[in-house]
Each structure stands twice: as C-alpha cells, then as structure tokens.
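For reference, the structure discussed in these notes is given below.
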Amino acid sequence: MNIIEKIGKNNSFVIVLEDYYGSGWVNYIYQATENKIVPDRFEKEEIEVSWDYSEYILLFEKDGLKVKIEIDDLGPVSFILKENITQENKQKLREWATIIAEEVEKIKK
C-alpha cells in the first residue's frame with residue numbers, strides 16, 4: 001500500500017493512496033468508510049459522471065474533523081484535511097486512510 005503525504009492547496013494536509021487510481025474505487029471506499037470509520041456525518045457527491053470521465057467527492061465528519069475524499073479518473077484517491085491541521089489530527093487522518101485502504105483490500109476480494 002503506497003501512501004504519500006503532501007501539502008495541498010491553501011496549506012491543506014493531503015494523503016494520497018497511490019494504489020487506488022481512478023473512479024472505479026468510489027463504491028469500495030464509500031463502503032469501507034461507512035463500515036469501519038462510522039462517521040458522524042457522511043455524504044457522496046457526484047461532481048461529473050459521463051461515458052469517459054467520473055469525479056466524486058466523499059465528505060465525512062468524525063471526532064470534530066471534516067474530511068474530504070476526492071476520487072476521479074485522472075489521479076489517485078486523495079484524503080484532504082483543510083482545517084484544524086494539528087499533528088494529532090494529521091495522525092487521525094493517517095489512521096483512517098490506512099483503515100479504509102485495508103478494508104478496501106478485504107472488500108474487493
């Protein structure tokens with residue numbers, strides 16, 4: 001499992017799951033997030049869905065944190081933390097991304 005951390009737009013904290021490239025992962029990631037993270041609030045937005053391109057955003061809240069998951073056909077899945085970026089919250093996002101990635105592996109088998 002390849003996980004990359006980087007600083008995104010407006011100093012957001014981003015975790016990229018390189019092994020999950022493209023929008024075909026959206027349902028797996030949704031299911032894993034819903035079952036393993038059990039967010040306080042969770043929604044799925046279809047930004048664009050067409051014959052040759054799909055883009056989704058999953059938004060969830062847990063422990064007072066708002067997390068955005070971007071999934072599209074042009075890149076790997078990204079977990080984004082835009083506010084309350086502390087070392088403790090970065091660690092929570094790392095843990096959640098790892099839990100979700102591990103659960104996706106179980107689901108897809």
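Chain lettering (A, B, ...) mirrors the order of the structure tokens, residue numbering begins at 1 for each chain separately, and ligand numbering begins at 1 in order of display.
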Among chain A, which residues carry a DSSP assignment of alpha helix (DSSP H), reported as a VMD selection string? chain A and resid 26 to 32 87 to 108
Report as number ranges by chain all protein, DNA and RNA residues lying within 12 Å of Ile107 (chain A), evaluated on only C-alpha atoms, omitting residues in the same chain fewer than 4 positions from it. A: 25, 27-33, 35-36, 100-103
Quick one: residues within 12 Å of region 86-88 of chain A, only C-alpha atoms, excluding same-chain residues fewer than 4 positions away - as a PyMOL selection string? chain A and resi 11-13+63+65+81-82+92-95
Serialized selection, N, CA and C atoms, as a PDB file, in the first residue's frame:
ATOM      1  N   ASN A  11      -2.581  25.207   2.063  1.00  0.00           N
ATOM      2  CA  ASN A  11      -1.926  24.512   3.180  1.00  0.00           C
ATOM      3  C   ASN A  11      -2.742  23.372   3.773  1.00  0.00           C
ATOM      4  N   SER A  12      -3.604  22.763   2.972  1.00  0.00           N
ATOM      5  CA  SER A  12      -4.340  21.599   3.451  1.00  0.00           C
ATOM      6  C   SER A  12      -3.368  20.418   3.581  1.00  0.00           C
ATOM      7  N   PHE A  13      -3.748  19.451   4.397  1.00  0.00           N
ATOM      8  CA  PHE A  13      -2.957  18.233   4.572  1.00  0.00           C
ATOM      9  C   PHE A  13      -3.605  17.155   3.724  1.00  0.00           C
ATOM     10  N   ASP A  63     -15.183  12.884  14.987  1.00  0.00           N
ATOM     11  CA  ASP A  63     -14.376  13.480  16.063  1.00  0.00           C
ATOM     12  C   ASP A  63     -14.122  14.968  15.835  1.00  0.00           C
ATOM     13  N   LEU A  65     -13.663  16.487  13.075  1.00  0.00           N
ATOM     14  CA  LEU A  65     -12.878  16.759  11.866  1.00  0.00           C
ATOM     15  C   LEU A  65     -13.726  16.583  10.620  1.00  0.00           C
ATOM     16  N   LEU A  81      -7.573  17.168   4.543  1.00  0.00           N
ATOM     17  CA  LEU A  81      -7.934  17.842   5.786  1.00  0.00           C
ATOM     18  C   LEU A  81      -7.612  19.312   5.584  1.00  0.00           C
ATOM     19  N   LYS A  82      -8.661  20.168   5.572  1.00  0.00           N
ATOM     20  CA  LYS A  82      -8.473  21.586   5.258  1.00  0.00           C
ATOM     21  C   LYS A  82      -8.404  22.489   6.474  1.00  0.00           C
ATOM     22  N   LYS A  92      -4.730  11.180  12.999  1.00  0.00           N
ATOM     23  CA  LYS A  92      -6.060  10.584  12.832  1.00  0.00           C
ATOM     24  C   LYS A  92      -6.337  10.310  11.362  1.00  0.00           C
ATOM     25  N   LEU A  93      -6.024  11.281  10.499  1.00  0.00           N
ATOM     26  CA  LEU A  93      -6.265  11.102   9.066  1.00  0.00           C
ATOM     27  C   LEU A  93      -5.412   9.961   8.517  1.00  0.00           C
ATOM     28  N   ARG A  94      -4.167   9.862   8.945  1.00  0.00           N
ATOM     29  CA  ARG A  94      -3.301   8.747   8.527  1.00  0.00           C
ATOM     30  C   ARG A  94      -3.937   7.411   8.912  1.00  0.00           C
ATOM     31  N   GLU A  95      -4.397   7.336  10.152  1.00  0.00           N
ATOM     32  CA  GLU A  95      -5.002   6.096  10.643  1.00  0.00           C
ATOM     33  C   GLU A  95      -6.262   5.759   9.863  1.00  0.00           C
TER      34      GLU A  95
END
Of A:Tyr56, A:Met1, A:Ile80, A:Gly64, the one sitting nearest Tyr20 (chain A) when using only C-alpha atoms is A:Met1
Extract the full set of strand (DSSP E) residues from chain A according to DSSP on the backbone, and format it as a VMD selection string. chain A and resid 3 to 7 13 to 21 41 to 49 54 to 62 65 to 72 76 to 81
Would you write out those residues with C-alpha atoms, as an mmCIF file, in the first residue's frame?
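File written: result_4.cif
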data_model
loop_
_atom_site.group_PDB
_atom_site.id
_atom_site.type_symbol
_atom_site.label_atom_id
_atom_site.label_comp_id
_atom_site.auth_asym_id
_atom_site.auth_seq_id
_atom_site.Cartn_x
_atom_site.Cartn_y
_atom_site.Cartn_z
ATOM 1 C CA ILE A 3 0.581 6.240 0.957
ATOM 2 C CA ILE A 4 2.007 9.675 0.214
ATOM 3 C CA GLU A 5 1.572 12.765 2.375
ATOM 4 C CA LYS A 6 1.782 16.256 0.967
ATOM 5 C CA ILE A 7 0.702 19.837 1.484
ATOM 6 C CA PHE A 13 -2.957 18.233 4.572
ATOM 7 C CA VAL A 14 -3.357 15.568 1.884
ATOM 8 C CA ILE A 15 -2.896 11.819 1.988
ATOM 9 C CA VAL A 16 -2.783 10.110 -1.391
ATOM 10 C CA LEU A 17 -3.443 6.391 -1.828
ATOM 11 C CA GLU A 18 -1.441 5.664 -4.971
ATOM 12 C CA ASP A 19 -2.738 2.103 -5.307
ATOM 13 C CA TYR A 20 -6.294 3.362 -5.823
ATOM 14 C CA TYR A 21 -6.238 5.209 -9.112
ATOM 15 C CA ARG A 41 -21.963 12.606 9.040
ATOM 16 C CA PHE A 42 -21.278 11.197 5.561
ATOM 17 C CA GLU A 43 -22.256 12.241 2.056
ATOM 18 C CA LYS A 44 -21.357 11.397 -1.515
ATOM 19 C CA GLU A 45 -21.393 13.989 -4.284
ATOM 20 C CA GLU A 46 -21.277 13.137 -7.967
ATOM 21 C CA ILE A 47 -19.372 16.052 -9.467
ATOM 22 C CA GLU A 48 -19.375 14.697 -13.001
ATOM 23 C CA VAL A 49 -20.367 11.330 -14.389
ATOM 24 C CA SER A 54 -16.248 10.364 -13.487
ATOM 25 C CA GLU A 55 -15.496 12.507 -10.465
ATOM 26 C CA TYR A 56 -16.796 12.085 -6.922
ATOM 27 C CA ILE A 57 -16.304 13.717 -3.565
ATOM 28 C CA LEU A 58 -16.985 11.927 -0.310
ATOM 29 C CA LEU A 59 -17.326 14.169 2.741
ATOM 30 C CA PHE A 60 -17.363 12.864 6.272
ATOM 31 C CA GLU A 61 -17.173 14.219 9.788
ATOM 32 C CA LYS A 62 -15.769 12.305 12.721
ATOM 33 C CA LEU A 65 -12.878 16.759 11.866
ATOM 34 C CA LYS A 66 -14.173 17.342 8.354
ATOM 35 C CA VAL A 67 -12.512 15.124 5.762
ATOM 36 C CA LYS A 68 -12.860 15.351 2.001
ATOM 37 C CA ILE A 69 -12.064 12.344 -0.199
ATOM 38 C CA GLU A 70 -11.536 13.151 -3.890
ATOM 39 C CA ILE A 71 -11.948 10.357 -6.411
ATOM 40 C CA ASP A 72 -11.723 10.843 -10.174
ATOM 41 C CA PRO A 76 -5.232 8.503 -7.200
ATOM 42 C CA VAL A 77 -7.671 8.785 -4.303
ATOM 43 C CA SER A 78 -6.896 11.737 -2.011
ATOM 44 C CA PHE A 79 -7.908 12.343 1.600
ATOM 45 C CA ILE A 80 -7.895 16.054 2.444
ATOM 46 C CA LEU A 81 -7.934 17.842 5.786
#
Interatomic distance between CA of Val104 (chain A) and CA of Glu34 (chain A)?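 Answer for the CA of Val104 (chain A) to CA of Glu34 (chain A) separation: 11.5 Å.
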Using only C-alpha atoms, which residue out of A:Asp73, A:Glu83, A:Glu105, A:Asp40 lies closest to Asp52 (chain A)? A:Asp73
Using Å and a single decimal, report how far CA of Ser23 (chain A) sits from CA of Val38 (chain A).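 According to the coordinates, CA of Val38 (chain A) and CA of Ser23 (chain A) are separated by 21.9 Å.
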Using only C-alpha atoms, the residue out of A:Asn84, A:Ile37, A:Gly8, A:Leu74 with shortest distance to Ile99 (chain A) is A:Ile37
